[in-house]
>>> print(open('structure38.cif').read())   # mmCIF, N, CA and C atoms
data_entry
loop_
_atom_site.group_PDB
_atom_site.id
_atom_site.type_symbol
_atom_site.label_atom_id
_atom_site.label_comp_id
_atom_site.auth_asym_id
_atom_site.auth_seq_id
_atom_site.Cartn_x
_atom_site.Cartn_y
_atom_site.Cartn_z
ATOM 1 N N MET A 224 120.531 171.960 161.492
ATOM 2 C CA MET A 224 120.178 171.486 160.178
ATOM 3 C C MET A 224 121.176 170.439 159.685
ATOM 4 N N LYS A 225 122.479 170.696 159.928
ATOM 5 C CA LYS A 225 123.510 169.740 159.518
ATOM 6 C C LYS A 225 123.326 168.406 160.235
ATOM 7 N N ILE A 226 122.986 168.455 161.509
ATOM 8 C CA ILE A 226 122.809 167.232 162.292
ATOM 9 C C ILE A 226 121.624 166.437 161.748
ATOM 10 N N LEU A 227 120.556 167.109 161.405
ATOM 11 C CA LEU A 227 119.381 166.440 160.858
ATOM 12 C C LEU A 227 119.713 165.782 159.526
ATOM 13 N N LEU A 228 120.423 166.476 158.671
ATOM 14 C CA LEU A 228 120.817 165.933 157.368
ATOM 15 C C LEU A 228 121.757 164.744 157.537
ATOM 16 N N LYS A 229 122.703 164.864 158.439
ATOM 17 C CA LYS A 229 123.646 163.774 158.698
ATOM 18 C C LYS A 229 122.913 162.546 159.250
ATOM 19 N N SER A 230 121.963 162.750 160.153
ATOM 20 C CA SER A 230 121.190 161.646 160.709
ATOM 21 C C SER A 230 120.351 160.962 159.637
ATOM 22 N N LEU A 231 119.782 161.746 158.752
ATOM 23 C CA LEU A 231 118.977 161.200 157.664
ATOM 24 C C LEU A 231 119.836 160.363 156.715
ATOM 25 N N LEU A 232 121.023 160.828 156.403
ATOM 26 C CA LEU A 232 121.940 160.068 155.548
ATOM 27 C C LEU A 232 122.339 158.752 156.195
ATOM 28 N N ILE A 233 122.637 158.762 157.466
ATOM 29 C CA ILE A 233 123.018 157.543 158.178
ATOM 30 C C ILE A 233 121.852 156.564 158.202
ATOM 31 N N LEU A 234 120.664 157.055 158.423
ATOM 32 C CA LEU A 234 119.475 156.202 158.437
ATOM 33 C C LEU A 234 119.255 155.558 157.068
ATOM 34 N N CYS A 235 119.359 156.344 156.003
ATOM 35 C CA CYS A 235 119.188 155.802 154.643
ATOM 36 C C CYS A 235 120.261 154.765 154.329
ATOM 37 N N PHE A 236 121.496 155.027 154.705
ATOM 38 C CA PHE A 236 122.580 154.083 154.463
ATOM 39 C C PHE A 236 122.348 152.798 155.233
ATOM 40 N N GLY A 237 121.894 152.900 156.466
ATOM 41 C CA GLY A 237 121.629 151.719 157.294
ATOM 42 C C GLY A 237 120.512 150.869 156.733
ATOM 43 N N ILE A 238 119.478 151.496 156.232
ATOM 44 C CA ILE A 238 118.364 150.746 155.659
ATOM 45 C C ILE A 238 118.797 150.044 154.382
ATOM 46 N N SER A 239 119.589 150.704 153.557
ATOM 47 C CA SER A 239 120.007 150.094 152.293
ATOM 48 C C SER A 239 120.967 148.930 152.503
ATOM 49 N N CYS A 240 121.657 148.879 153.620
ATOM 50 C CA CYS A 240 122.605 147.803 153.888
ATOM 51 C C CYS A 240 122.017 146.696 154.753
ATOM 52 N N SER A 241 120.799 146.827 155.192
ATOM 53 C CA SER A 241 120.240 145.826 156.084
ATOM 54 C C SER A 241 119.833 144.582 155.318
ATOM 55 N N ASP A 242 119.814 143.446 156.028
ATOM 56 C CA ASP A 242 119.374 142.189 155.425
ATOM 57 C C ASP A 242 117.886 142.283 155.132
ATOM 58 N N SER A 243 117.520 141.784 153.994
ATOM 59 C CA SER A 243 116.126 141.785 153.595
ATOM 60 C C SER A 243 115.709 140.359 153.305
ATOM 61 N N SER A 244 114.478 140.032 153.672
ATOM 62 C CA SER A 244 114.012 138.682 153.389
ATOM 63 C C SER A 244 113.734 138.506 151.899
ATOM 64 N N ASP A 245 113.796 139.598 151.116
ATOM 65 C CA ASP A 245 113.589 139.499 149.674
ATOM 66 C C ASP A 245 114.668 138.672 148.986
ATOM 67 N N ASP A 246 115.877 138.688 149.499
ATOM 68 C CA ASP A 246 116.951 137.934 148.857
ATOM 69 C C ASP A 246 117.203 136.589 149.543
ATOM 70 N N MET A 247 116.242 136.139 150.332
ATOM 71 C CA MET A 247 116.324 134.831 150.961
ATOM 72 C C MET A 247 115.532 133.838 150.118
ATOM 73 N N VAL A 248 115.918 132.578 150.172
ATOM 74 C CA VAL A 248 115.188 131.536 149.450
ATOM 75 C C VAL A 248 114.477 130.646 150.466
ATOM 76 N N THR A 249 113.366 130.077 150.030
ATOM 77 C CA THR A 249 112.679 129.139 150.908
ATOM 78 C C THR A 249 113.448 127.821 150.902
ATOM 79 N N ALA A 250 113.369 127.119 151.992
ATOM 80 C CA ALA A 250 114.074 125.844 152.120
ATOM 81 C C ALA A 250 113.337 124.971 153.130
ATOM 82 N N THR A 251 113.655 123.703 153.091
ATOM 83 C CA THR A 251 113.120 122.748 154.055
ATOM 84 C C THR A 251 114.285 122.084 154.767
ATOM 85 N N ILE A 252 114.294 122.171 156.083
ATOM 86 C CA ILE A 252 115.273 121.416 156.866
ATOM 87 C C ILE A 252 114.615 120.077 157.128
ATOM 88 N N GLU A 253 115.152 119.029 156.503
ATOM 89 C CA GLU A 253 114.546 117.701 156.554
ATOM 90 C C GLU A 253 114.726 117.023 157.910
ATOM 91 N N GLY A 254 115.793 117.355 158.606
ATOM 92 C CA GLY A 254 116.077 116.749 159.898
ATOM 93 C C GLY A 254 117.559 116.421 160.016
ATOM 94 N N TYR A 255 117.907 115.745 161.089
ATOM 95 C CA TYR A 255 119.305 115.379 161.338
ATOM 96 C C TYR A 255 119.720 114.232 160.422
ATOM 97 N N ASP A 256 120.955 114.274 159.962
ATOM 98 C CA ASP A 256 121.530 113.184 159.178
ATOM 99 C C ASP A 256 122.058 112.154 160.166
ATOM 100 N N LEU A 257 121.331 111.067 160.324
ATOM 101 C CA LEU A 257 121.681 110.049 161.320
ATOM 102 C C LEU A 257 122.427 108.855 160.722
ATOM 103 N N ARG A 258 122.819 108.977 159.462
ATOM 104 C CA ARG A 258 123.570 107.875 158.854
ATOM 105 C C ARG A 258 124.913 107.728 159.560
ATOM 106 N N LEU A 259 125.413 106.521 159.581
ATOM 107 C CA LEU A 259 126.684 106.242 160.245
ATOM 108 C C LEU A 259 127.781 106.103 159.199
ATOM 109 N N CYS A 260 128.400 107.204 158.866
ATOM 110 C CA CYS A 260 129.538 107.179 157.946
ATOM 111 C C CYS A 260 130.483 108.310 158.332
ATOM 112 N N ALA A 261 131.673 108.258 157.822
ATOM 113 C CA ALA A 261 132.695 109.238 158.196
ATOM 114 C C ALA A 261 132.313 110.662 157.795
ATOM 115 N N CYS A 262 131.576 110.813 156.704
ATOM 116 C CA CYS A 262 131.247 112.146 156.192
ATOM 117 C C CYS A 262 129.785 112.517 156.401
ATOM 118 N N CYS A 263 129.083 111.802 157.241
ATOM 119 C CA CYS A 263 127.674 112.080 157.512
ATOM 120 C C CYS A 263 127.563 113.017 158.708
ATOM 121 N N GLY A 264 126.351 113.479 158.949
ATOM 122 C CA GLY A 264 126.101 114.317 160.112
ATOM 123 C C GLY A 264 125.522 115.661 159.732
ATOM 124 N N GLY A 265 125.206 116.440 160.732
ATOM 125 C CA GLY A 265 124.619 117.750 160.510
ATOM 126 C C GLY A 265 123.132 117.646 160.238
ATOM 127 N N LEU A 266 122.603 118.690 159.680
ATOM 128 C CA LEU A 266 121.200 118.738 159.296
ATOM 129 C C LEU A 266 121.102 118.680 157.784
ATOM 130 N N MET A 267 120.078 118.032 157.277
ATOM 131 C CA MET A 267 119.866 117.943 155.835
ATOM 132 C C MET A 267 118.925 119.072 155.422
ATOM 133 N N VAL A 268 119.357 119.888 154.451
ATOM 134 C CA VAL A 268 118.619 121.062 154.012
ATOM 135 C C VAL A 268 118.368 120.966 152.516
ATOM 136 N N LYS A 269 117.150 121.287 152.120
ATOM 137 C CA LYS A 269 116.779 121.269 150.701
ATOM 138 C C LYS A 269 116.316 122.673 150.308
ATOM 139 N N PRO A 270 117.217 123.514 149.750
ATOM 140 C CA PRO A 270 116.820 124.855 149.296
ATOM 141 C C PRO A 270 115.940 124.768 148.049
ATOM 142 N N SER A 271 115.009 125.698 147.920
ATOM 143 C CA SER A 271 114.083 125.682 146.786
ATOM 144 C C SER A 271 114.779 125.967 145.461
ATOM 145 N N ASP A 272 115.927 126.616 145.489
ATOM 146 C CA ASP A 272 116.633 126.948 144.246
ATOM 147 C C ASP A 272 117.719 125.933 143.894
ATOM 148 N N ALA A 273 117.678 124.745 144.502
ATOM 149 C CA ALA A 273 118.749 123.762 144.304
ATOM 150 C C ALA A 273 118.291 122.525 143.537
ATOM 151 N N ASN A 274 117.196 122.620 142.797
ATOM 152 C CA ASN A 274 116.719 121.520 141.951
ATOM 153 C C ASN A 274 116.555 120.193 142.692
ATOM 154 N N GLY A 275 116.077 120.252 143.927
ATOM 155 C CA GLY A 275 115.815 119.039 144.692
ATOM 156 C C GLY A 275 117.019 118.446 145.400
ATOM 157 N N ASP A 276 118.168 119.098 145.326
ATOM 158 C CA ASP A 276 119.373 118.590 145.993
ATOM 159 C C ASP A 276 119.262 118.751 147.506
ATOM 160 N N ASN A 277 119.842 117.799 148.229
ATOM 161 C CA ASN A 277 119.927 117.846 149.690
ATOM 162 C C ASN A 277 121.353 118.187 150.091
ATOM 163 N N TYR A 278 121.478 119.167 150.959
ATOM 164 C CA TYR A 278 122.791 119.599 151.423
ATOM 165 C C TYR A 278 122.931 119.376 152.919
ATOM 166 N N GLN A 279 124.147 119.149 153.348
ATOM 167 C CA GLN A 279 124.443 119.044 154.770
ATOM 168 C C GLN A 279 124.771 120.434 155.301
ATOM 169 N N TRP A 280 124.270 120.708 156.494
ATOM 170 C CA TRP A 280 124.552 121.973 157.170
ATOM 171 C C TRP A 280 124.906 121.670 158.606
ATOM 172 N N TYR A 281 126.049 122.162 159.036
ATOM 173 C CA TYR A 281 126.491 121.997 160.421
ATOM 174 C C TYR A 281 126.264 123.311 161.148
ATOM 175 N N GLN A 282 125.267 123.345 162.011
ATOM 176 C CA GLN A 282 124.973 124.538 162.798
ATOM 177 C C GLN A 282 126.079 124.668 163.841
ATOM 178 N N LYS A 283 126.986 125.578 163.608
ATOM 179 C CA LYS A 283 128.182 125.679 164.449
ATOM 180 C C LYS A 283 127.905 126.299 165.820
ATOM 181 N N ASN A 284 126.814 127.013 165.922
ATOM 182 C CA ASN A 284 126.395 127.548 167.220
ATOM 183 C C ASN A 284 124.872 127.556 167.224
ATOM 184 N N GLN A 285 124.279 127.949 168.279
ATOM 185 C CA GLN A 285 122.824 127.934 168.369
ATOM 186 C C GLN A 285 122.210 129.262 167.920
ATOM 187 N N LYS A 286 122.942 130.014 167.124
ATOM 188 C CA LYS A 286 122.503 131.323 166.657
ATOM 189 C C LYS A 286 121.126 131.265 165.995
ATOM 190 N N PHE A 287 120.844 130.194 165.251
ATOM 191 C CA PHE A 287 119.589 130.099 164.514
ATOM 192 C C PHE A 287 118.533 129.295 165.261
ATOM 193 N N ASP A 288 118.855 128.760 166.395
ATOM 194 C CA ASP A 288 117.906 128.092 167.282
ATOM 195 C C ASP A 288 117.137 126.955 166.596
ATOM 196 N N VAL A 289 117.841 126.151 165.815
ATOM 197 C CA VAL A 289 117.248 124.946 165.242
ATOM 198 C C VAL A 289 117.715 123.794 166.114
ATOM 199 N N GLY A 290 116.775 123.030 166.647
ATOM 200 C CA GLY A 290 117.169 121.972 167.562
ATOM 201 C C GLY A 290 116.180 120.831 167.605
ATOM 202 N N GLU A 291 116.396 119.960 168.553
ATOM 203 C CA GLU A 291 115.591 118.748 168.684
ATOM 204 C C GLU A 291 114.126 119.039 168.994
ATOM 205 N N SER A 292 113.832 120.204 169.535
ATOM 206 C CA SER A 292 112.435 120.533 169.855
ATOM 207 C C SER A 292 111.634 120.927 168.606
ATOM 208 N N ASP A 293 112.321 121.203 167.491
ATOM 209 C CA ASP A 293 111.631 121.533 166.249
ATOM 210 C C ASP A 293 111.041 120.282 165.620
ATOM 211 N N LYS A 294 109.932 120.449 164.931
ATOM 212 C CA LYS A 294 109.302 119.343 164.212
ATOM 213 C C LYS A 294 109.764 119.389 162.764
ATOM 214 N N PHE A 295 110.393 118.313 162.324
ATOM 215 C CA PHE A 295 110.910 118.232 160.954
ATOM 216 C C PHE A 295 109.925 117.477 160.081
ATOM 217 N N PRO A 296 109.812 117.835 158.826
ATOM 218 C CA PRO A 296 110.535 118.870 158.091
ATOM 219 C C PRO A 296 110.114 120.271 158.547
ATOM 220 N N LEU A 297 111.091 121.172 158.589
ATOM 221 C CA LEU A 297 110.902 122.531 159.074
ATOM 222 C C LEU A 297 111.036 123.491 157.892
ATOM 223 N N LYS A 298 110.004 124.279 157.651
ATOM 224 C CA LYS A 298 110.018 125.269 156.567
ATOM 225 C C LYS A 298 110.711 126.532 157.053
ATOM 226 N N VAL A 299 111.692 127.004 156.269
ATOM 227 C CA VAL A 299 112.473 128.176 156.636
ATOM 228 C C VAL A 299 112.760 129.024 155.398
ATOM 229 N N LYS A 300 113.270 130.221 155.637
ATOM 230 C CA LYS A 300 113.859 131.058 154.597
ATOM 231 C C LYS A 300 115.324 131.218 154.981
ATOM 232 N N ILE A 301 116.208 131.082 153.999
ATOM 233 C CA ILE A 301 117.641 131.137 154.305
ATOM 234 C C ILE A 301 118.414 131.955 153.275
ATOM 235 N N LYS A 302 119.558 132.434 153.719
ATOM 236 C CA LYS A 302 120.625 132.911 152.844
ATOM 237 C C LYS A 302 121.740 131.917 153.060
ATOM 238 N N TYR A 303 122.354 131.467 151.988
ATOM 239 C CA TYR A 303 123.396 130.456 152.144
ATOM 240 C C TYR A 303 124.409 130.544 151.011
ATOM 241 N N HIS A 304 125.517 129.860 151.201
ATOM 242 C CA HIS A 304 126.493 129.679 150.125
ATOM 243 C C HIS A 304 127.065 128.269 150.236
ATOM 244 N N ASN A 305 127.510 127.762 149.109
ATOM 245 C CA ASN A 305 128.102 126.418 149.075
ATOM 246 C C ASN A 305 129.495 126.458 149.665
ATOM 247 N N ARG A 306 129.848 125.377 150.347
ATOM 248 C CA ARG A 306 131.198 125.233 150.918
ATOM 249 C C ARG A 306 131.931 124.165 150.128
ATOM 250 N N ASN A 307 133.183 124.393 149.913
ATOM 251 C CA ASN A 307 134.020 123.384 149.270
ATOM 252 C C ASN A 307 134.597 122.485 150.352
ATOM 253 N N THR A 308 134.164 121.237 150.353
ATOM 254 C CA THR A 308 134.661 120.276 151.329
ATOM 255 C C THR A 308 134.981 118.971 150.623
ATOM 256 N N ASP A 309 135.914 118.239 151.164
ATOM 257 C CA ASP A 309 136.331 116.961 150.580
ATOM 258 C C ASP A 309 135.474 115.803 151.065
ATOM 259 N N CYS A 310 134.886 115.940 152.225
ATOM 260 C CA CYS A 310 134.189 114.820 152.839
ATOM 261 C C CYS A 310 132.713 115.161 153.016
ATOM 262 N N ILE A 311 131.889 114.741 152.061
ATOM 263 C CA ILE A 311 130.454 114.953 152.159
ATOM 264 C C ILE A 311 129.730 113.678 151.754
ATOM 265 N N ALA A 312 128.558 113.470 152.281
ATOM 266 C CA ALA A 312 127.774 112.273 151.974
ATOM 267 C C ALA A 312 126.417 112.674 151.389
ATOM 268 N N SER A 313 126.360 113.859 150.777
ATOM 269 C CA SER A 313 125.119 114.366 150.189
ATOM 270 C C SER A 313 125.486 115.096 148.903
ATOM 271 N N ASP A 314 124.626 116.000 148.464
ATOM 272 C CA ASP A 314 124.910 116.771 147.256
ATOM 273 C C ASP A 314 125.891 117.907 147.506
ATOM 274 N N GLY A 315 126.278 118.121 148.734
ATOM 275 C CA GLY A 315 127.231 119.169 149.078
ATOM 276 C C GLY A 315 127.002 119.665 150.489
ATOM 277 N N GLU A 316 127.835 120.604 150.892
ATOM 278 C CA GLU A 316 127.698 121.230 152.210
ATOM 279 C C GLU A 316 127.457 122.710 152.002
ATOM 280 N N ILE A 317 126.565 123.279 152.807
ATOM 281 C CA ILE A 317 126.283 124.702 152.730
ATOM 282 C C ILE A 317 126.555 125.362 154.065
ATOM 283 N N GLU A 318 126.754 126.659 154.012
ATOM 284 C CA GLU A 318 126.859 127.498 155.203
ATOM 285 C C GLU A 318 125.687 128.458 155.156
ATOM 286 N N ILE A 319 124.858 128.447 156.180
ATOM 287 C CA ILE A 319 123.708 129.344 156.248
ATOM 288 C C ILE A 319 124.122 130.596 156.993
ATOM 289 N N THR A 320 123.894 131.759 156.366
ATOM 290 C CA THR A 320 124.280 133.029 156.986
ATOM 291 C C THR A 320 123.094 133.798 157.564
ATOM 292 N N ALA A 321 121.871 133.405 157.171
ATOM 293 C CA ALA A 321 120.662 134.007 157.730
ATOM 294 C C ALA A 321 119.556 132.962 157.650
ATOM 295 N N LEU A 322 118.724 132.913 158.672
ATOM 296 C CA LEU A 322 117.654 131.914 158.725
ATOM 297 C C LEU A 322 116.449 132.481 159.452
ATOM 298 N N GLU A 323 115.291 132.324 158.845
ATOM 299 C CA GLU A 323 114.026 132.704 159.492
ATOM 300 C C GLU A 323 113.098 131.489 159.428
ATOM 301 N N LYS A 324 112.567 131.100 160.560
ATOM 302 C CA LYS A 324 111.591 130.014 160.584
ATOM 303 C C LYS A 324 110.260 130.553 160.081
ATOM 304 N N GLU A 325 109.594 129.788 159.224
ATOM 305 C CA GLU A 325 108.281 130.205 158.747
ATOM 306 C C GLU A 325 107.241 129.786 159.767
ATOM 307 N N LYS A 326 106.260 130.595 159.927
ATOM 308 C CA LYS A 326 105.207 130.312 160.911
ATOM 309 C C LYS A 326 104.153 129.410 160.328
#
>>> encode(input="structure38.cif", output="structure tokens")
Amino acid sequence: MKILLKSLLILCFGISCSDSSDDMVTATIEGYDLRLCACCGGLMVKPSDANGDNYQWYQKNQKFDVGESDKFPLKVKIKYHNRNTDCIASDGEIEITALEKEK
């Protein structure tokens, strides 16, 4: 009985801490920033909660599998936060912590 109760508690705790798409925002990845400047580069992302602002995102690894084979603009759901950087050529730089491609 104790094992069953302990397993149930662990399961409930795991579910409550899991990532949910409910707290993700829709966004559009516009494509690669191909401008030639010192602070350009990365992918241009327009989150739905950013009042039309375009942000630069540098995919540091292929964890989210966004690449040249994707057709841009690409509709996605993301979790993100703003990064404080000195060198940007857009409305800011973001770090994406979760990404789901919309079908």
>>> resolve_selection(input="structure38.cif", expression="the PyMOL selection byres ((chain A and resi 283-295) around 7)", output="number ranges by chain")
A: 252-254, 280-282, 296-298, 322
>>> closest_residue(input="structure38.cif", among="A:Asn305, A:Thr249, A:Ser313, A:Thr320", to="Ser271 (chain A)", atoms="only C-alpha atoms")
A:Thr249
>>> select_by_dssp(input="structure38.cif", residues="region 226-325 of chain A", states="alpha helix (DSSP H)", output="list in words")
Ile226, Leu227, Leu228, Lys229, Ser230, Leu231, Leu232, Ile233, Leu234, Cys235, Phe236, Gly237, Ile238, Ser239 and Cys240 of chain A
>>> write_last_selection(input="structure38.cif", atoms="N, CA and C atoms", output="PDB file, keeping the file's coordinate frame")
ATOM      1  N   ILE A 226     122.986 168.455 161.509  1.00  0.00           N
ATOM      2  CA  ILE A 226     122.809 167.232 162.292  1.00  0.00           C
ATOM      3  C   ILE A 226     121.624 166.437 161.748  1.00  0.00           C
ATOM      4  N   LEU A 227     120.556 167.109 161.405  1.00  0.00           N
ATOM      5  CA  LEU A 227     119.381 166.440 160.858  1.00  0.00           C
ATOM      6  C   LEU A 227     119.713 165.782 159.526  1.00  0.00           C
ATOM      7  N   LEU A 228     120.423 166.476 158.671  1.00  0.00           N
ATOM      8  CA  LEU A 228     120.817 165.933 157.368  1.00  0.00           C
ATOM      9  C   LEU A 228     121.757 164.744 157.537  1.00  0.00           C
ATOM     10  N   LYS A 229     122.703 164.864 158.439  1.00  0.00           N
ATOM     11  CA  LYS A 229     123.646 163.774 158.698  1.00  0.00           C
ATOM     12  C   LYS A 229     122.913 162.546 159.250  1.00  0.00           C
ATOM     13  N   SER A 230     121.963 162.750 160.153  1.00  0.00           N
ATOM     14  CA  SER A 230     121.190 161.646 160.709  1.00  0.00           C
ATOM     15  C   SER A 230     120.351 160.962 159.637  1.00  0.00           C
ATOM     16  N   LEU A 231     119.782 161.746 158.752  1.00  0.00           N
ATOM     17  CA  LEU A 231     118.977 161.200 157.664  1.00  0.00           C
ATOM     18  C   LEU A 231     119.836 160.363 156.715  1.00  0.00           C
ATOM     19  N   LEU A 232     121.023 160.828 156.403  1.00  0.00           N
ATOM     20  CA  LEU A 232     121.940 160.068 155.548  1.00  0.00           C
ATOM     21  C   LEU A 232     122.339 158.752 156.195  1.00  0.00           C
ATOM     22  N   ILE A 233     122.637 158.762 157.466  1.00  0.00           N
ATOM     23  CA  ILE A 233     123.018 157.543 158.178  1.00  0.00           C
ATOM     24  C   ILE A 233     121.852 156.564 158.202  1.00  0.00           C
ATOM     25  N   LEU A 234     120.664 157.055 158.423  1.00  0.00           N
ATOM     26  CA  LEU A 234     119.475 156.202 158.437  1.00  0.00           C
ATOM     27  C   LEU A 234     119.255 155.558 157.068  1.00  0.00           C
ATOM     28  N   CYS A 235     119.359 156.344 156.003  1.00  0.00           N
ATOM     29  CA  CYS A 235     119.188 155.802 154.643  1.00  0.00           C
ATOM     30  C   CYS A 235     120.261 154.765 154.329  1.00  0.00           C
ATOM     31  N   PHE A 236     121.496 155.027 154.705  1.00  0.00           N
ATOM     32  CA  PHE A 236     122.580 154.083 154.463  1.00  0.00           C
ATOM     33  C   PHE A 236     122.348 152.798 155.233  1.00  0.00           C
ATOM     34  N   GLY A 237     121.894 152.900 156.466  1.00  0.00           N
ATOM     35  CA  GLY A 237     121.629 151.719 157.294  1.00  0.00           C
ATOM     36  C   GLY A 237     120.512 150.869 156.733  1.00  0.00           C
ATOM     37  N   ILE A 238     119.478 151.496 156.232  1.00  0.00           N
ATOM     38  CA  ILE A 238     118.364 150.746 155.659  1.00  0.00           C
ATOM     39  C   ILE A 238     118.797 150.044 154.382  1.00  0.00           C
ATOM     40  N   SER A 239     119.589 150.704 153.557  1.00  0.00           N
ATOM     41  CA  SER A 239     120.007 150.094 152.293  1.00  0.00           C
ATOM     42  C   SER A 239     120.967 148.930 152.503  1.00  0.00           C
ATOM     43  N   CYS A 240     121.657 148.879 153.620  1.00  0.00           N
ATOM     44  CA  CYS A 240     122.605 147.803 153.888  1.00  0.00           C
ATOM     45  C   CYS A 240     122.017 146.696 154.753  1.00  0.00           C
TER      46      CYS A 240
END
>>> resolve_selection(input="structure38.cif", expression="the PyMOL selection byres ((chain A and resi 256) around 8)", output="MDAnalysis selection string")
chainID A and resid 253:255 257:259 263:267 279
>>> select_by_dssp(input="structure38.cif", residues="region 261-298 of chain A", states="strand (DSSP E or B)", output="PDB file with N, CA and C atoms, keeping the file's coordinate frame")
ATOM      1  N   LEU A 266     122.603 118.690 159.680  1.00  0.00           N
ATOM      2  CA  LEU A 266     121.200 118.738 159.296  1.00  0.00           C
ATOM      3  C   LEU A 266     121.102 118.680 157.784  1.00  0.00           C
ATOM      4  N   MET A 267     120.078 118.032 157.277  1.00  0.00           N
ATOM      5  CA  MET A 267     119.866 117.943 155.835  1.00  0.00           C
ATOM      6  C   MET A 267     118.925 119.072 155.422  1.00  0.00           C
ATOM      7  N   VAL A 268     119.357 119.888 154.451  1.00  0.00           N
ATOM      8  CA  VAL A 268     118.619 121.062 154.012  1.00  0.00           C
ATOM      9  C   VAL A 268     118.368 120.966 152.516  1.00  0.00           C
ATOM     10  N   LYS A 269     117.150 121.287 152.120  1.00  0.00           N
ATOM     11  CA  LYS A 269     116.779 121.269 150.701  1.00  0.00           C
ATOM     12  C   LYS A 269     116.316 122.673 150.308  1.00  0.00           C
ATOM     13  N   PRO A 270     117.217 123.514 149.750  1.00  0.00           N
ATOM     14  CA  PRO A 270     116.820 124.855 149.296  1.00  0.00           C
ATOM     15  C   PRO A 270     115.940 124.768 148.049  1.00  0.00           C
ATOM     16  N   TYR A 278     121.478 119.167 150.959  1.00  0.00           N
ATOM     17  CA  TYR A 278     122.791 119.599 151.423  1.00  0.00           C
ATOM     18  C   TYR A 278     122.931 119.376 152.919  1.00  0.00           C
ATOM     19  N   GLN A 279     124.147 119.149 153.348  1.00  0.00           N
ATOM     20  CA  GLN A 279     124.443 119.044 154.770  1.00  0.00           C
ATOM     21  C   GLN A 279     124.771 120.434 155.301  1.00  0.00           C
ATOM     22  N   TRP A 280     124.270 120.708 156.494  1.00  0.00           N
ATOM     23  CA  TRP A 280     124.552 121.973 157.170  1.00  0.00           C
ATOM     24  C   TRP A 280     124.906 121.670 158.606  1.00  0.00           C
ATOM     25  N   LEU A 297     111.091 121.172 158.589  1.00  0.00           N
ATOM     26  CA  LEU A 297     110.902 122.531 159.074  1.00  0.00           C
ATOM     27  C   LEU A 297     111.036 123.491 157.892  1.00  0.00           C
ATOM     28  N   LYS A 298     110.004 124.279 157.651  1.00  0.00           N
ATOM     29  CA  LYS A 298     110.018 125.269 156.567  1.00  0.00           C
ATOM     30  C   LYS A 298     110.711 126.532 157.053  1.00  0.00           C
TER      31      LYS A 298
END
>>> residues_around(input="structure38.cif", residues="Ile319 (chain A)", least_positions_apart="2", cutoff="6.5 Å", atoms="only N, CA and C atoms", output="list in words")
Lys302, Tyr303, His304, Ile317, Ala321 and Leu322 of chain A
